[in-house]
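Engineer: Mind looking over this structure? Questions follow.
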Amino acid sequence: MYDPESTTFVQRIVLCCLVDLDEDDRTPVDSAVIRETARELLESADNAPVGSVSEADVTRALNGLVESKLIEEHRSEDRSPVGKGRPQYKLRVETKTLRSELEADEEMAALLR
């Protein structure tokens with residue numbers, strides 16, 4: 001399952017976002033919402049090691065997490081130019097278990113709501 005040694009810091013931030021979003025029944029979700037959620041988490045956390053993540057950082061993190069089978073990507077058949085064709089993401093692992101594992105990670109515990 002989740003292994004902090006095999007995930008980047010941004011991937012772990014994205015996982016924190018997806019845990020929170022999933023618990024709020026807001027998944028699957030696109031990368032723009034994940035990036036906004038990451039911004040909010042980083043701004044509200046005390047002593048966050050980074051202040052923000054870029055769109056490119058989030059995209060790379062999502063691609064790596066899809067490859068590692070921690071999340072899954074859904075693509076719409078409607079690929080219009082106004083963003084409706086953006087892929088959406090959701091966890092492939094049990095949310096409660098992942099939350100517990102992220103809380104045990106000292107760097108990530110402060111980012112979880």
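In the structure tokens, the first chain shown is A, the next is B, and so on; residue numbers restart at 1 for each chain, and ligands run from 1 in the order shown.
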Need the shell around stretch 44-59 of chain A: protein/DNA/RNA residues with any atom at most 8 Å away, counting only C-alpha atoms. Skip same-chain ones fewer than 3 positions apart. Format as a PDB file with C-alpha atoms, in the first residue's frame?

Structural biologist:
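Written file, part_2.pdb:
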```pdb
ATOM      1  CA  VAL A  10       4.153  16.174  -3.622  1.00  0.00           C
ATOM      2  CA  GLN A  11       2.612  12.727  -4.145  1.00  0.00           C
ATOM      3  CA  VAL A  14      -1.867  14.809  -3.245  1.00  0.00           C
ATOM      4  CA  SER A  31      -6.374  18.077 -10.921  1.00  0.00           C
ATOM      5  CA  ALA A  32      -7.454  21.730 -10.555  1.00  0.00           C
ATOM      6  CA  ILE A  34      -6.647  18.788  -6.080  1.00  0.00           C
ATOM      7  CA  ARG A  35      -4.225  21.683  -6.572  1.00  0.00           C
ATOM      8  CA  ALA A  38      -3.285  21.325  -1.691  1.00  0.00           C
ATOM      9  CA  ARG A  39      -2.945  25.115  -1.542  1.00  0.00           C
ATOM     10  CA  GLU A  40      -5.502  25.272   1.270  1.00  0.00           C
ATOM     11  CA  LEU A  41      -3.826  22.434   3.189  1.00  0.00           C
ATOM     12  CA  LEU A  62      -0.957  12.192 -10.137  1.00  0.00           C
ATOM     13  CA  ASN A  63       0.724  10.325 -12.999  1.00  0.00           C
ATOM     14  CA  ALA A 110      -0.076  18.228   9.952  1.00  0.00           C
ATOM     15  CA  LEU A 111      -1.625  18.464   6.471  1.00  0.00           C
TER      16      LEU A 111
END
```

Engineer: Do a neighbour search on stretch 17-27 of chain A at 7 Å with only C-alpha atoms, toss out local chain neighbours closer than 4 positions, and write the hits as a PDB file with N, CA, C and O atoms, in the first residue's frame.

Structural biologist:
```
ATOM      1  N   ILE A  13       1.376  14.851  -0.568  1.00  0.00           N
ATOM      2  CA  ILE A  13       0.427  15.960  -0.422  1.00  0.00           C
ATOM      3  C   ILE A  13      -0.849  15.652  -1.197  1.00  0.00           C
ATOM      4  O   ILE A  13      -1.957  15.845  -0.699  1.00  0.00           O
ATOM      5  N   ILE A  34      -7.698  19.348  -6.932  1.00  0.00           N
ATOM      6  CA  ILE A  34      -6.647  18.788  -6.080  1.00  0.00           C
ATOM      7  C   ILE A  34      -5.604  19.863  -5.778  1.00  0.00           C
ATOM      8  O   ILE A  34      -5.173  20.019  -4.632  1.00  0.00           O
ATOM      9  N   THR A  37      -7.033  22.312  -3.286  1.00  0.00           N
ATOM     10  CA  THR A  37      -7.075  21.680  -1.972  1.00  0.00           C
ATOM     11  C   THR A  37      -5.680  21.637  -1.358  1.00  0.00           C
ATOM     12  O   THR A  37      -5.515  21.906  -0.165  1.00  0.00           O
ATOM     13  N   ALA A  38      -4.674  21.337  -2.169  1.00  0.00           N
ATOM     14  CA  ALA A  38      -3.285  21.325  -1.691  1.00  0.00           C
ATOM     15  C   ALA A  38      -2.880  22.712  -1.206  1.00  0.00           C
ATOM     16  O   ALA A  38      -2.239  22.850  -0.161  1.00  0.00           O
ATOM     17  N   TYR A  89      -9.740  11.856 -10.730  1.00  0.00           N
ATOM     18  CA  TYR A  89      -8.969  10.914  -9.938  1.00  0.00           C
ATOM     19  C   TYR A  89      -9.697  10.561  -8.650  1.00  0.00           C
ATOM     20  O   TYR A  89     -10.412  11.374  -8.086  1.00  0.00           O
ATOM     21  N   LYS A  90      -9.474   9.317  -8.221  1.00  0.00           N
ATOM     22  CA  LYS A  90      -9.978   8.878  -6.923  1.00  0.00           C
ATOM     23  C   LYS A  90      -9.055   7.801  -6.376  1.00  0.00           C
ATOM     24  O   LYS A  90      -8.275   7.190  -7.119  1.00  0.00           O
ATOM     25  N   LEU A  91      -9.140   7.584  -5.099  1.00  0.00           N
ATOM     26  CA  LEU A  91      -8.298   6.594  -4.439  1.00  0.00           C
ATOM     27  C   LEU A  91      -8.677   5.184  -4.860  1.00  0.00           C
ATOM     28  O   LEU A  91      -9.858   4.874  -5.050  1.00  0.00           O
ATOM     29  N   THR A  95      -9.720   4.436   2.255  1.00  0.00           N
ATOM     30  CA  THR A  95      -9.456   5.791   2.741  1.00  0.00           C
ATOM     31  C   THR A  95      -9.017   5.795   4.206  1.00  0.00           C
ATOM     32  O   THR A  95      -8.049   6.467   4.558  1.00  0.00           O
ATOM     33  N   ARG A  99      -5.461   7.130   5.523  1.00  0.00           N
ATOM     34  CA  ARG A  99      -5.408   8.231   6.492  1.00  0.00           C
ATOM     35  C   ARG A  99      -4.520   7.844   7.682  1.00  0.00           C
ATOM     36  O   ARG A  99      -3.673   8.618   8.109  1.00  0.00           O
ATOM     37  N   ARG A 113      -6.798  17.159   7.531  1.00  0.00           N
ATOM     38  CA  ARG A 113      -7.836  17.877   8.296  1.00  0.00           C
ATOM     39  C   ARG A 113      -8.469  16.962   9.302  1.00  0.00           C
ATOM     40  O   ARG A 113      -8.608  15.805   9.141  1.00  0.00           O
TER      41      ARG A 113
END
```

Engineer: With distances taken over only C-alpha atoms, which residue among A:Ile71, A:Glu5, A:Pro87, A:Arg12 lies nearest A:Leu102?

Structural biologist: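 Closest to A:Leu102 of all the choices is A:Arg12.
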
Engineer: Atom CA of A:Asp30 and atom CA of A:Arg86 are how many Å apart?

Structural biologist: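 It comes out at 6.5 Å.
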
Engineer: Within chain A, find each residue whose DSSP state, derived from the backbone, is strand (DSSP E or B), and express the selection as JSON, numbers by chain.

Structural biologist: {"A": [29, 30, 71, 72, 73, 74, 88, 89, 90, 91]}

Engineer: To test your reading of the structure, identify every residue in chain A that backbone DSSP assigns to helix (DSSP H, G or I), and report it as an mmCIF file with C-alpha atoms, in the first residue's frame.

Structural biologist:
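Contents of out_38.cif, as written:
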```cif
data_model
loop_
_atom_site.group_PDB
_atom_site.id
_atom_site.type_symbol
_atom_site.label_atom_id
_atom_site.label_comp_id
_atom_site.auth_asym_id
_atom_site.auth_seq_id
_atom_site.Cartn_x
_atom_site.Cartn_y
_atom_site.Cartn_z
ATOM 1 C CA PRO A 4 6.539 7.053 2.176
ATOM 2 C CA GLU A 5 9.954 5.950 0.932
ATOM 3 C CA SER A 6 8.636 5.273 -2.584
ATOM 4 C CA PHE A 9 6.638 14.740 -1.105
ATOM 5 C CA VAL A 10 4.153 16.174 -3.622
ATOM 6 C CA GLN A 11 2.612 12.727 -4.145
ATOM 7 C CA ARG A 12 2.042 12.509 -0.398
ATOM 8 C CA ILE A 13 0.427 15.960 -0.422
ATOM 9 C CA VAL A 14 -1.867 14.809 -3.245
ATOM 10 C CA LEU A 15 -2.779 11.706 -1.249
ATOM 11 C CA CYS A 16 -3.684 13.894 1.740
ATOM 12 C CA CYS A 17 -5.920 15.953 -0.555
ATOM 13 C CA LEU A 18 -7.616 12.878 -1.976
ATOM 14 C CA VAL A 19 -8.220 11.453 1.508
ATOM 15 C CA ASP A 20 -9.910 14.680 2.606
ATOM 16 C CA LEU A 21 -11.887 15.007 -0.631
ATOM 17 C CA ASP A 22 -12.986 11.360 -0.515
ATOM 18 C CA GLU A 23 -14.187 11.706 3.067
ATOM 19 C CA SER A 31 -6.374 18.077 -10.921
ATOM 20 C CA ALA A 32 -7.454 21.730 -10.555
ATOM 21 C CA VAL A 33 -9.502 20.889 -7.452
ATOM 22 C CA ILE A 34 -6.647 18.788 -6.080
ATOM 23 C CA ARG A 35 -4.225 21.683 -6.572
ATOM 24 C CA GLU A 36 -6.609 24.120 -4.852
ATOM 25 C CA THR A 37 -7.075 21.680 -1.972
ATOM 26 C CA ALA A 38 -3.285 21.325 -1.691
ATOM 27 C CA ARG A 39 -2.945 25.115 -1.542
ATOM 28 C CA GLU A 40 -5.502 25.272 1.270
ATOM 29 C CA LEU A 41 -3.826 22.434 3.189
ATOM 30 C CA LEU A 42 -0.379 24.003 2.897
ATOM 31 C CA GLU A 43 -1.628 27.442 3.916
ATOM 32 C CA SER A 44 -3.394 26.105 6.996
ATOM 33 C CA GLU A 55 0.100 22.574 -11.643
ATOM 34 C CA ALA A 56 2.983 20.650 -13.210
ATOM 35 C CA ASP A 57 3.973 19.230 -9.796
ATOM 36 C CA VAL A 58 0.435 18.004 -9.201
ATOM 37 C CA THR A 59 0.202 16.492 -12.693
ATOM 38 C CA ARG A 60 3.485 14.605 -12.242
ATOM 39 C CA ALA A 61 2.385 13.426 -8.807
ATOM 40 C CA LEU A 62 -0.957 12.192 -10.137
ATOM 41 C CA ASN A 63 0.724 10.325 -12.999
ATOM 42 C CA GLY A 64 3.106 8.610 -10.579
ATOM 43 C CA LEU A 65 0.296 7.674 -8.200
ATOM 44 C CA VAL A 66 -1.741 6.200 -11.064
ATOM 45 C CA GLU A 67 1.291 4.104 -12.071
ATOM 46 C CA THR A 95 -9.456 5.791 2.741
ATOM 47 C CA LYS A 96 -9.351 5.048 6.485
ATOM 48 C CA THR A 97 -6.264 2.888 6.152
ATOM 49 C CA LEU A 98 -4.477 5.480 4.031
ATOM 50 C CA ARG A 99 -5.408 8.231 6.492
ATOM 51 C CA SER A 100 -3.884 6.205 9.340
ATOM 52 C CA GLU A 101 -0.706 5.633 7.356
ATOM 53 C CA LEU A 102 -0.435 9.324 6.419
ATOM 54 C CA GLU A 103 -1.018 10.353 10.045
ATOM 55 C CA ALA A 104 1.890 8.118 11.044
ATOM 56 C CA GLU A 106 5.398 13.002 10.590
ATOM 57 C CA GLU A 107 5.667 15.254 7.527
ATOM 58 C CA MET A 108 2.090 14.594 6.453
ATOM 59 C CA ALA A 109 0.156 14.438 9.720
#
```

Engineer: What does the distance between atom CA of A:Pro28 and atom CA of A:Val93 come to in Å, to one decimal place?

Structural biologist: 13.3 Å

Engineer: Atom CA of A:Arg92 and atom CA of A:Arg75, how far apart in Å?

Structural biologist: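 Between these atoms lies a distance of 15.5 Å.
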